[in-house]
$ cat protein.cif   # mmCIF, C-alpha atoms and all ligand atoms
data_start
#
loop_
_atom_site.label_atom_id
_atom_site.label_comp_id
_atom_site.auth_asym_id
_atom_site.auth_seq_id
_atom_site.Cartn_x
_atom_site.Cartn_y
_atom_site.Cartn_z
CA MET A 11 69.14 60.33 47.52
CA ASN A 12 66.53 62.28 45.61
CA SER A 13 63.80 62.85 48.17
CA VAL A 14 61.06 62.67 45.52
CA ASP A 15 62.05 59.04 45.03
CA THR A 16 61.86 58.17 48.72
CA ILE A 17 59.23 55.66 49.74
CA ASP A 18 57.98 56.04 53.30
CA THR A 19 54.63 54.25 53.10
CA ILE A 20 53.79 50.92 51.48
CA PHE A 21 50.23 49.71 51.06
CA PHE A 22 49.33 46.20 49.97
CA ASP A 23 46.41 44.45 48.42
CA LEU A 24 45.60 41.26 50.38
CA ASP A 25 44.17 38.43 48.22
CA ASP A 26 46.65 36.96 45.73
CA THR A 27 49.23 39.56 46.79
CA LEU A 28 50.15 38.47 50.33
CA PHE A 29 48.67 34.97 50.17
CA ASP A 30 47.45 32.55 47.52
CA ALA A 31 43.71 33.23 47.74
CA THR A 32 42.95 31.71 44.34
CA GLY A 33 44.83 28.49 45.14
CA LEU A 34 43.35 28.21 48.63
CA ALA A 35 39.77 28.63 47.40
CA GLU A 36 40.32 26.02 44.70
CA LYS A 37 41.80 23.56 47.18
CA ALA A 38 38.92 24.05 49.64
CA ARG A 39 36.26 23.70 46.93
CA ARG A 40 37.84 20.53 45.52
CA ALA A 41 38.07 19.02 49.01
CA ALA A 42 34.40 19.87 49.67
CA ILE A 43 33.32 18.08 46.50
CA GLU A 44 35.41 15.03 47.31
CA ALA A 45 33.88 14.92 50.79
CA MET A 46 30.36 15.08 49.32
CA ILE A 47 31.16 12.23 46.91
CA GLU A 48 32.47 10.21 49.83
CA LYS A 49 29.19 10.84 51.67
CA GLY A 50 26.94 9.81 48.80
CA LEU A 51 26.88 12.43 46.04
CA THR A 52 26.55 10.55 42.75
CA GLY A 53 26.66 11.12 39.00
CA VAL A 54 29.68 13.44 38.86
CA THR A 55 33.41 12.97 39.13
CA ALA A 56 35.37 15.31 41.39
CA GLU A 57 36.62 17.12 38.30
CA GLN A 58 33.12 17.58 36.81
CA GLY A 59 31.83 18.70 40.19
CA TYR A 60 34.54 21.31 40.47
CA ALA A 61 33.72 22.71 37.01
CA ILE A 62 30.04 23.05 37.99
CA LEU A 63 30.89 24.69 41.31
CA LYS A 64 33.22 27.12 39.57
CA GLU A 65 30.40 28.13 37.26
CA ILE A 66 28.13 28.74 40.28
CA VAL A 67 30.77 30.89 41.98
CA GLU A 68 31.10 32.96 38.81
CA GLU A 69 27.31 33.34 38.49
CA PHE A 70 26.56 34.20 42.12
CA GLY A 71 29.80 35.95 43.11
CA SER A 72 32.51 34.79 45.52
CA ASN A 73 30.92 36.31 48.64
CA TYR A 74 27.58 34.56 48.14
CA ASP A 75 26.87 32.25 51.08
CA ASN A 76 25.07 29.36 49.39
CA HIS A 77 27.34 28.01 46.66
CA PHE A 78 27.04 24.43 47.89
CA ASN A 79 23.26 24.60 48.22
CA MET A 80 23.09 25.77 44.62
CA PHE A 81 25.53 23.08 43.56
CA LEU A 82 23.39 20.30 45.06
CA LYS A 83 20.17 21.82 43.71
CA ARG A 84 21.66 22.04 40.25
CA LEU A 85 22.52 18.34 40.41
CA ASN A 86 19.03 17.60 41.71
CA GLN A 87 20.54 16.01 44.83
CA PHE A 88 19.87 18.62 47.48
CA SER A 89 20.37 17.31 51.00
CA SER A 90 21.04 19.25 54.17
CA LYS A 91 23.52 16.63 55.26
CA LEU A 92 25.62 17.07 52.10
CA VAL A 93 25.50 20.86 52.49
CA SER A 94 26.92 20.42 56.01
CA VAL A 95 29.60 18.03 54.78
CA SER A 96 30.69 20.51 52.12
CA VAL A 97 30.64 23.56 54.40
CA ILE A 98 32.60 21.79 57.17
CA THR A 99 35.25 20.57 54.73
CA TYR A 100 35.51 23.89 52.92
CA HIS A 101 36.06 25.85 56.13
CA LYS A 102 38.43 23.28 57.58
CA ILE A 103 40.74 23.58 54.56
CA LYS A 104 40.47 27.38 54.48
CA VAL A 105 41.51 27.61 58.13
CA GLN A 106 44.17 24.88 58.06
CA GLU A 107 45.87 25.74 54.81
CA ILE A 108 45.97 29.52 54.75
CA ARG A 109 49.55 30.76 54.67
CA LEU A 110 51.56 33.71 53.43
CA TYR A 111 53.50 33.47 50.21
CA PRO A 112 57.01 32.38 51.23
CA ASP A 113 58.57 35.77 50.40
CA VAL A 114 56.22 37.92 52.49
CA PHE A 115 57.50 37.51 56.02
CA GLU A 116 61.10 38.28 55.09
CA PHE A 117 60.01 41.38 53.21
CA LEU A 118 58.06 42.64 56.21
CA GLN A 119 61.04 41.95 58.48
CA ASN A 120 63.31 43.86 56.12
CA ILE A 121 60.98 46.83 56.14
CA LYS A 122 60.74 46.71 59.92
CA ASN A 123 64.50 46.37 60.49
CA HIS A 124 65.92 48.51 57.69
CA SER A 125 63.41 51.30 57.20
CA SER A 126 60.93 53.56 58.93
CA CYS A 127 58.18 52.82 56.42
CA THR A 128 54.57 52.71 57.51
CA LEU A 129 52.75 49.60 56.26
CA GLY A 130 49.10 49.36 55.32
CA ILE A 131 46.55 47.13 53.63
CA ILE A 132 43.88 48.37 51.22
CA THR A 133 41.50 45.60 50.24
CA ASP A 134 38.04 45.01 48.80
CA GLY A 135 35.75 42.62 50.60
CA LEU A 136 33.68 41.94 53.68
CA ALA A 137 35.39 43.39 56.74
CA ILE A 138 35.01 40.34 58.99
CA LYS A 139 36.31 37.99 56.29
CA GLN A 140 39.27 40.21 55.44
CA TYR A 141 40.22 40.71 59.12
CA GLU A 142 39.96 36.97 59.68
CA LYS A 143 42.57 36.44 56.97
CA ILE A 144 44.81 39.23 58.32
CA LEU A 145 44.71 37.74 61.83
CA ARG A 146 45.14 34.11 60.79
CA LEU A 147 48.10 35.04 58.59
CA GLY A 148 49.79 36.85 61.49
CA LEU A 149 49.90 40.12 59.55
CA ASP A 150 48.29 42.26 62.23
CA PRO A 151 51.51 43.29 64.07
CA PHE A 152 53.08 44.64 60.88
CA PHE A 153 50.23 46.76 59.60
CA SER A 154 49.21 49.89 61.43
CA GLU A 155 46.76 50.90 58.70
CA VAL A 156 44.00 48.66 57.34
CA PHE A 157 41.35 49.88 54.92
CA ILE A 158 38.56 47.53 53.84
CA SER A 159 36.01 48.62 51.25
CA ASP A 160 33.09 47.28 53.26
CA GLU A 161 34.15 49.37 56.26
CA ILE A 162 34.61 52.68 54.48
CA GLY A 163 31.93 52.45 51.79
CA ILE A 164 34.25 52.80 48.80
CA ARG A 165 35.37 49.93 46.57
CA LYS A 166 38.23 49.49 44.17
CA PRO A 167 38.67 50.46 41.41
CA ASN A 168 37.30 53.81 42.65
CA PRO A 169 40.44 55.94 43.18
CA LYS A 170 38.73 57.48 46.24
CA ILE A 171 39.60 54.39 48.30
CA TYR A 172 43.28 55.20 47.77
CA GLU A 173 42.75 58.91 48.49
CA TRP A 174 40.96 57.93 51.70
CA ALA A 175 43.91 55.76 52.79
CA ILE A 176 46.43 58.53 52.00
CA GLU A 177 44.43 61.07 53.97
CA LYS A 178 43.89 58.84 57.02
CA THR A 179 47.52 57.71 57.06
CA LYS A 180 48.67 61.34 56.66
CA CYS A 181 51.21 60.36 54.02
CA PHE A 182 52.09 61.80 50.61
CA PRO A 183 50.96 59.93 47.49
CA GLU A 184 54.28 60.48 45.73
CA LYS A 185 56.11 58.82 48.63
CA SER A 186 53.65 55.94 48.85
CA LEU A 187 53.78 52.65 47.02
CA TYR A 188 50.89 50.27 46.37
CA VAL A 189 51.52 46.60 45.68
CA GLY A 190 48.79 44.55 44.00
CA ASP A 191 48.09 41.71 41.57
CA ARG A 192 45.18 43.12 39.56
CA PHE A 193 46.03 45.73 36.93
CA ASP A 194 42.62 47.43 36.56
CA TYR A 195 42.08 47.66 40.34
CA ASP A 196 45.56 47.93 41.79
CA VAL A 197 47.45 49.97 39.20
CA ILE A 198 45.21 52.26 37.11
CA PRO A 199 43.36 54.04 39.98
CA VAL A 200 46.52 54.09 42.12
CA LYS A 201 48.44 55.92 39.41
CA LYS A 202 45.52 58.35 39.10
CA VAL A 203 46.00 59.55 42.68
CA GLY A 204 49.75 59.99 42.18
CA MET A 205 51.07 57.02 44.12
CA LYS A 206 53.85 54.73 42.97
CA THR A 207 52.67 51.36 41.68
CA CYS A 208 53.95 47.83 41.93
CA PHE A 209 52.36 45.06 39.87
CA ILE A 210 53.11 41.64 41.29
CA HIS A 211 52.76 38.44 39.23
CA ARG A 212 51.33 35.73 41.49
CA ASN A 213 49.65 33.59 38.81
CA GLY A 214 46.30 34.28 40.47
CA LYS A 215 43.03 34.69 38.61
CA HIS A 216 43.72 38.36 37.75
CA ASP A 217 47.36 38.02 36.71
CA LYS A 218 48.22 39.06 33.16
CA VAL A 219 51.04 39.91 30.82
CA LEU A 220 51.39 43.68 30.57
CA ASP A 221 51.55 45.37 27.20
CA GLU A 222 53.75 48.41 26.54
CA ALA A 223 51.00 50.95 27.32
CA SER A 224 50.14 49.24 30.62
CA ARG A 225 53.76 49.00 31.60
CA LYS A 226 54.02 52.80 31.51
CA LEU A 227 51.72 52.96 34.55
CA VAL A 228 53.80 50.47 36.53
CA ASP A 229 56.80 51.68 38.52
CA TYR A 230 57.83 48.21 39.65
CA GLU A 231 56.89 44.95 37.96
CA VAL A 232 57.93 42.02 40.13
CA LYS A 233 57.51 38.27 40.51
CA ASP A 234 57.65 38.34 44.31
CA LEU A 235 58.52 40.58 47.26
CA ALA A 236 62.19 39.56 47.32
CA ASP A 237 62.33 41.04 43.84
CA LEU A 238 60.60 44.22 45.11
CA TRP A 239 62.92 44.56 48.11
CA ALA A 240 65.98 44.41 45.82
CA LYS A 241 64.46 47.23 43.76
CA ILE A 242 63.46 49.57 46.59
CA LYS A 243 65.87 48.88 49.43
CA ASP A 244 67.99 51.92 48.57
CA ILE A 245 65.08 54.34 48.44
CA VAL A 246 62.99 53.36 51.45
CA ALA A 247 63.00 55.91 54.27
CA PRO A 248 65.89 54.94 56.59
CA PRO A 249 65.23 53.84 60.17
CA SER A 250 64.50 56.84 62.38
MG MG A 301 44.28 40.83 44.81
#
$ encode --input "protein.cif" --output "structure tokens" --more "lines below"
Ligand SMILES: [Mg+2]
Amino acid sequence: MNSVDTIDTIFFDLDDTLFDATGLAEKARRAAIEAMIEKGLTGVTAEQGYAILKEIVEEFGSNYDNHFNMFLKRLNQFSSKLVSVSVITYHKIKVQEIRLYPDVFEFLQNIKNHSSCTLGIITDGLAIKQYEKILRLGLDPFFSEVFISDEIGIRKPNPKIYEWAIEKTKCFPEKSLYVGDRFDYDVIPVKKVGMKTCFIHRNGKHDKVLDEASRKLVDYEVKDLADLWAKIKDIVAPPS
């Protein structure tokens, strides 16, 4: 085995890489609108309501706390009761329905049983929200290293977030792999710091078809983690 090719550290993006964040958010938002209609919201179908809410999320950003307030104001039907109905339903779905992509657990088991790789997460977002997902998904026991932009003061796509993770983990960029679903955030800056890159197609909101030039920056292009395991199982650092 060529030691330059060895992978001994694997970092992951979280949203739309380890679980279906796009799908879960859509499901929770649709359920919230249906619940509001059931409790008296009028003048919009569930489908029209979802389109309006989507527009509000795009305008105010996904971490804004008052999407449903804005939604009701925009429809000129603001009521505190309907805000409560929407928030309760939204959170209920987000808690009940969050689950890993079906290929994730087996991949993590394979790494644990057949390699000595260190596993980490590097993610943008609010620390409490990101940790909540990590804990609810049962990922905590697998990941010794977690880096959240809000906790360290650096956001993707700044390559410094990846340098920070490499330094804190005391690993070598050339022996580290980063797996993510967003090309401009999870591939370009990662390549800049000399790490190996894996672009995963999860059909999330940032997924895209790679052109030839983009493909040059991607070491592994995969549809899921079973696909990635098949490609790297012979070059991961063996169990110690
Ligand atoms: Mg992502």
$ atom_distance --input "protein.cif" --atom1 "atom CA of A:Ser96" --atom2 "atom CA of A:Tyr111"
26.3 Å
$ residues_around --input "protein.cif" --residues "stretch 84-88 of chain A" --least-positions-apart "5" --cutoff "8 Å" --atoms "only C-alpha atoms" --output "list of chain:residue names"
A:Leu51, A:Asn79, A:Val93
$ residues_near_point --input "protein.cif" --point "(61.0, 47.5, 54.3)" --cutoff "8 Å" --atoms "all atoms listed in the file" --output "NGL selection string"
:A and (117-127 or 239 or 243 or 246)
$ residues_around --input "protein.cif" --residues "A:Ile210" --least-positions-apart "3" --cutoff "12 Å" --atoms "all atoms listed in the file" --output "count of residues only"
35
$ closest_residue --input "protein.cif" --among "A:Tyr195, A:Glu48, A:Leu92, A:Ile43" --to "ligand MG 301 (chain A)" --atoms "all atoms listed in the file"
A:Tyr195
$ decode --input "protein.cif" --residues "stretch 13-24 of chain A" --atoms "N, CA and C atoms" --output "PDB file, in the first residue's frame"
ATOM      1  N   SER A  13       1.712   4.641   1.134  1.00  0.00           N
ATOM      2  CA  SER A  13       1.262   5.302   2.365  1.00  0.00           C
ATOM      3  C   SER A  13       0.654   6.682   2.110  1.00  0.00           C
ATOM      4  N   VAL A  14       1.024   7.304   0.978  1.00  0.00           N
ATOM      5  CA  VAL A  14       0.431   8.604   0.648  1.00  0.00           C
ATOM      6  C   VAL A  14      -1.076   8.457   0.429  1.00  0.00           C
ATOM      7  N   ASP A  15      -1.473   7.265  -0.048  1.00  0.00           N
ATOM      8  CA  ASP A  15      -2.887   7.041  -0.327  1.00  0.00           C
ATOM      9  C   ASP A  15      -3.694   6.653   0.906  1.00  0.00           C
ATOM     10  N   THR A  16      -3.004   6.354   1.999  1.00  0.00           N
ATOM     11  CA  THR A  16      -3.732   5.915   3.193  1.00  0.00           C
ATOM     12  C   THR A  16      -4.664   7.005   3.709  1.00  0.00           C
ATOM     13  N   ILE A  17      -5.824   6.575   4.154  1.00  0.00           N
ATOM     14  CA  ILE A  17      -6.754   7.497   4.810  1.00  0.00           C
ATOM     15  C   ILE A  17      -6.847   7.091   6.272  1.00  0.00           C
ATOM     16  N   ASP A  18      -6.504   8.005   7.176  1.00  0.00           N
ATOM     17  CA  ASP A  18      -6.624   7.652   8.598  1.00  0.00           C
ATOM     18  C   ASP A  18      -7.597   8.560   9.363  1.00  0.00           C
ATOM     19  N   THR A  19      -8.149   9.545   8.656  1.00  0.00           N
ATOM     20  CA  THR A  19      -9.123  10.433   9.300  1.00  0.00           C
ATOM     21  C   THR A  19     -10.221  10.759   8.292  1.00  0.00           C
ATOM     22  N   ILE A  20     -11.464  10.623   8.711  1.00  0.00           N
ATOM     23  CA  ILE A  20     -12.578  10.972   7.822  1.00  0.00           C
ATOM     24  C   ILE A  20     -13.491  11.969   8.532  1.00  0.00           C
ATOM     25  N   PHE A  21     -13.639  13.124   7.907  1.00  0.00           N
ATOM     26  CA  PHE A  21     -14.561  14.146   8.414  1.00  0.00           C
ATOM     27  C   PHE A  21     -15.804  14.155   7.535  1.00  0.00           C
ATOM     28  N   PHE A  22     -16.936  14.465   8.168  1.00  0.00           N
ATOM     29  CA  PHE A  22     -18.197  14.541   7.438  1.00  0.00           C
ATOM     30  C   PHE A  22     -18.866  15.891   7.642  1.00  0.00           C
ATOM     31  N   ASP A  23     -19.555  16.319   6.612  1.00  0.00           N
ATOM     32  CA  ASP A  23     -20.577  17.341   6.735  1.00  0.00           C
ATOM     33  C   ASP A  23     -21.774  16.649   7.418  1.00  0.00           C
ATOM     34  N   LEU A  24     -22.699  17.421   7.978  1.00  0.00           N
ATOM     35  CA  LEU A  24     -23.842  16.799   8.660  1.00  0.00           C
ATOM     36  C   LEU A  24     -25.126  16.826   7.803  1.00  0.00           C
TER      37      LEU A  24
END
